[in-house]
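Novice: Pasting a structure here, questions to come.
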Amino acid sequence: MDQQTPRSSLLTLPGAIIIAGAIIAIAIIWVKKPASTVPAANTTDDRQAQETVNLSPVTAADHILGNPNAAIKIVEYSDPSCPYCKLFNPTMASIMDQYGPSGKVSWVYRSFPLDKPDADGNILHPNAGHESQALECIASLGGNDKFWAYEKNIYAKDTTGTSGLDQKLLPLMAKELGLDTTTFNKCLSSGQFKDRVDADSASGVTAGVSGTPTSFLVLTEPLNARSEKYISDALIQYRIPAELLHAANDKKLIVMSGAMPKAMVSGLIDALLGD
């Protein structure tokens, strides 16, 4: 998961949390938040039922893949330039292939571009805001299906791994989806959707997002005993720090930070659904 922090607090392996004994990295790039929005540190080992999360409700204005009324809505705050979001993207696509057709799970995308300078003036992903606005232009011109196709292509076309997508590809990708590039370029250059992207990002900060990808599993029913046990077991099995996977205090929302492994995510969903 991507995050900007003061240099004095950088992790030993920058931005990455490696699960020892497994071939999976629960990786995060962090972003520094205003001090007023940072929740008090939880010093207990059990994070379940210990935190209030102020997540904006999912509405028709969101970008939703799947059933808007699904029992589990996975709200992902993502950065188009984030390598760990790119890593997590196929996992979420696979989750939707598995649970989307039944209408049990939906995927909600919200922008959280890490394109603001940190305390040292460094910008982690300078093109991320531009790319997030490109996604909004695609949605306005082509609708929901084109949005999700473009979202997938942004990660697929970025083959550099670290330096980000060649911005010249943005209109070409719009053309590949059958959209008019002149209209697309006009939308993007005008900054028409900058406020929308900024609003998404601000809602993430309010919800406690501190890096990308960060996902929230929004539930229609509170956690059952099986799912609570699954979370506790998963922290041990996958060696996940408790701050990266825990339930909010109303037990109707789960915070999941980082590029979590597919097996863990699908196991959690099965426990929540009682499958």
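Here's how to read the names in the structure tokens: chain A, B, ... by the order shown, residue numbers from 1 in each chain, ligand numbers from 1 in the order shown.
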Show me, as a list of chain:residue names, the residues that have an atom within 10 Å of Lys251 in chain A when counting only C-alpha atoms, minus same-chain residues fewer than 3 positions from it.
Specialist: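 The residues satisfying every condition are A:Gln48, A:Ala49, A:Gln50, A:Glu51, A:Thr52, A:Val218, A:Leu219, A:Glu221, A:Pro222, A:Leu223, A:Asn224, A:Glu228, A:His246, A:Ala247, A:Ala248, A:Ile254.
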Novice: Please measure the separation of CA of Met260 in chain A and CA of Ala27 in chain A, giving the value in Å to one decimal.
Specialist: 7.8 Å
Novice: So, with only C-alpha atoms as the atoms that count, which of A:Ala202, A:Val255, A:Leu188, A:Ile72 lies closest to Val108 in chain A?
Specialist: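 Result for the nearest residue to Val108 in chain A: A:Ile72.
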Novice: I want to know what sits within 6 Å of Gly258 in chain A, based on only C-alpha atoms, with residues of the same chain fewer than 6 positions away left out; could you give that as a list in words?
Specialist: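 So, after excluding close chain neighbours, the residues are Met1, Ile26, Ala27, Ile28, Pro213 and Thr214 of chain A.
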Novice: Write the residues you've just listed into a file as a JSON list (two decimals), in the first residue's frame, and include C-alpha atoms for each of them.
Specialist:
```json
[["chain", "number", "residue", "atom", "x", "y", "z"],
["A", 1, "MET", "CA", 0.00, 0.00, 0.00],
["A", 26, "ILE", "CA", 0.48, -7.27, 1.90],
["A", 27, "ALA", "CA", 1.95, -4.11, 0.47],
["A", 28, "ILE", "CA", 0.88, -0.58, 1.18],
["A", 213, "PRO", "CA", -5.08, 0.36, -1.56],
["A", 214, "THR", "CA", -7.43, 0.59, 1.41]]
```
Novice: Please identify which residues in range 38-256 of chain A DSSP calls helix (DSSP H, G or I) from the backbone, and express them as JSON, numbers by chain.
Specialist: {"A": [83, 84, 85, 86, 87, 88, 89, 90, 91, 92, 93, 94, 95, 96, 97, 98, 99, 128, 129, 130, 131, 132, 133, 134, 135, 136, 137, 138, 139, 140, 141, 142, 143, 144, 145, 146, 147, 148, 149, 150, 151, 152, 153, 154, 155, 156, 157, 169, 170, 171, 172, 173, 174, 175, 176, 181, 182, 183, 184, 185, 186, 187, 188, 189, 190, 194, 195, 196, 197, 198, 199, 200, 201, 202, 203, 204, 205, 206, 225, 226, 227, 228, 229, 230, 231, 232, 233, 234, 235, 236, 237, 242, 243, 244]}
Novice: Taking C-alpha atoms for each residue, export the selection above as a CSV table (one decimal), in the first residue's frame.
Specialist:
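Wrote it out as out_28.csv, contents follow:
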```csv
chain,number,residue,atom,x,y,z
A,83,PRO,CA,2.0,-0.4,-7.9
A,84,TYR,CA,0.3,-2.2,-5.0
A,85,CYS,CA,-3.1,-1.1,-6.3
A,86,LYS,CA,-2.0,-2.7,-9.6
A,87,LEU,CA,-1.1,-5.9,-7.6
A,88,PHE,CA,-4.5,-5.9,-5.9
A,89,ASN,CA,-6.5,-5.2,-9.0
A,90,PRO,CA,-6.5,-8.8,-10.4
A,91,THR,CA,-7.5,-10.0,-6.9
A,92,MET,CA,-10.6,-7.8,-6.9
A,93,ALA,CA,-11.4,-8.8,-10.5
A,94,SER,CA,-11.2,-12.4,-9.5
A,95,ILE,CA,-13.4,-11.8,-6.4
A,96,MET,CA,-16.0,-10.2,-8.7
A,97,ASP,CA,-15.8,-13.2,-11.1
A,98,GLN,CA,-16.5,-15.5,-8.2
A,99,TYR,CA,-19.1,-13.6,-6.2
A,128,ALA,CA,-2.2,10.0,-10.2
A,129,GLY,CA,-4.7,12.9,-9.9
A,130,HIS,CA,-4.6,13.4,-13.7
A,131,GLU,CA,-5.3,9.7,-14.2
A,132,SER,CA,-8.1,9.7,-11.6
A,133,GLN,CA,-9.7,12.6,-13.5
A,134,ALA,CA,-9.3,10.6,-16.7
A,135,LEU,CA,-11.3,7.8,-15.1
A,136,GLU,CA,-14.1,10.3,-14.3
A,137,CYS,CA,-14.1,11.6,-17.9
A,138,ILE,CA,-14.4,8.0,-19.2
A,139,ALA,CA,-17.4,7.4,-16.9
A,140,SER,CA,-19.1,10.6,-18.1
A,141,LEU,CA,-18.6,9.8,-21.7
A,142,GLY,CA,-19.0,6.0,-21.8
A,143,GLY,CA,-20.8,5.0,-18.6
A,144,ASN,CA,-20.1,2.4,-15.9
A,145,ASP,CA,-18.9,-0.4,-18.2
A,146,LYS,CA,-16.3,1.8,-19.9
A,147,PHE,CA,-15.2,3.1,-16.5
A,148,TRP,CA,-14.3,-0.4,-15.3
A,149,ALA,CA,-12.7,-1.4,-18.5
A,150,TYR,CA,-10.5,1.8,-18.4
A,151,GLU,CA,-9.7,1.2,-14.7
A,152,LYS,CA,-8.4,-2.2,-15.6
A,153,ASN,CA,-6.4,-0.9,-18.6
A,154,ILE,CA,-4.7,1.8,-16.6
A,155,TYR,CA,-3.0,-0.9,-14.5
A,156,ALA,CA,-2.5,-3.3,-17.5
A,157,LYS,CA,-0.8,-0.6,-19.7
A,169,LEU,CA,-1.7,6.5,-23.5
A,170,LEU,CA,-4.7,8.0,-21.8
A,171,PRO,CA,-6.5,9.3,-24.9
A,172,LEU,CA,-5.4,6.2,-26.9
A,173,MET,CA,-7.0,4.0,-24.2
A,174,ALA,CA,-10.2,6.0,-24.5
A,175,LYS,CA,-10.1,5.5,-28.3
A,176,GLU,CA,-9.6,1.7,-27.8
A,181,THR,CA,-10.6,11.3,-28.2
A,182,THR,CA,-11.2,15.0,-28.9
A,183,THR,CA,-14.1,15.1,-26.4
A,184,PHE,CA,-12.1,13.1,-23.9
A,185,ASN,CA,-9.1,15.4,-24.2
A,186,LYS,CA,-11.3,18.4,-23.7
A,187,CYS,CA,-12.8,16.9,-20.6
A,188,LEU,CA,-9.4,16.0,-19.1
A,189,SER,CA,-7.6,19.3,-19.9
A,190,SER,CA,-10.5,21.3,-18.5
A,194,LYS,CA,-11.0,17.6,-10.3
A,195,ASP,CA,-13.5,18.5,-7.6
A,196,ARG,CA,-15.0,15.0,-7.8
A,197,VAL,CA,-11.6,13.4,-7.4
A,198,ASP,CA,-10.7,15.7,-4.5
A,199,ALA,CA,-14.0,14.9,-2.8
A,200,ASP,CA,-13.3,11.2,-3.1
A,201,SER,CA,-9.9,11.7,-1.6
A,202,ALA,CA,-11.3,13.9,1.3
A,203,SER,CA,-13.9,11.2,2.1
A,204,GLY,CA,-11.0,8.7,2.4
A,205,VAL,CA,-9.1,10.8,4.8
A,206,THR,CA,-12.3,11.2,6.9
A,225,ALA,CA,-19.1,-15.5,15.2
A,226,ARG,CA,-17.6,-17.5,12.2
A,227,SER,CA,-16.3,-14.3,10.5
A,228,GLU,CA,-14.9,-12.9,13.7
A,229,LYS,CA,-13.0,-16.1,14.2
A,230,TYR,CA,-11.8,-16.0,10.6
A,231,ILE,CA,-10.4,-12.6,11.0
A,232,SER,CA,-8.6,-13.6,14.2
A,233,ASP,CA,-7.2,-16.7,12.5
A,234,ALA,CA,-6.2,-14.8,9.4
A,235,LEU,CA,-4.1,-12.4,11.3
A,236,ILE,CA,-2.0,-15.4,12.5
A,237,GLN,CA,-2.1,-17.5,9.3
A,242,ALA,CA,-3.9,-6.2,13.3
A,243,GLU,CA,-4.1,-2.6,12.2
A,244,LEU,CA,-4.4,-3.8,8.6
```
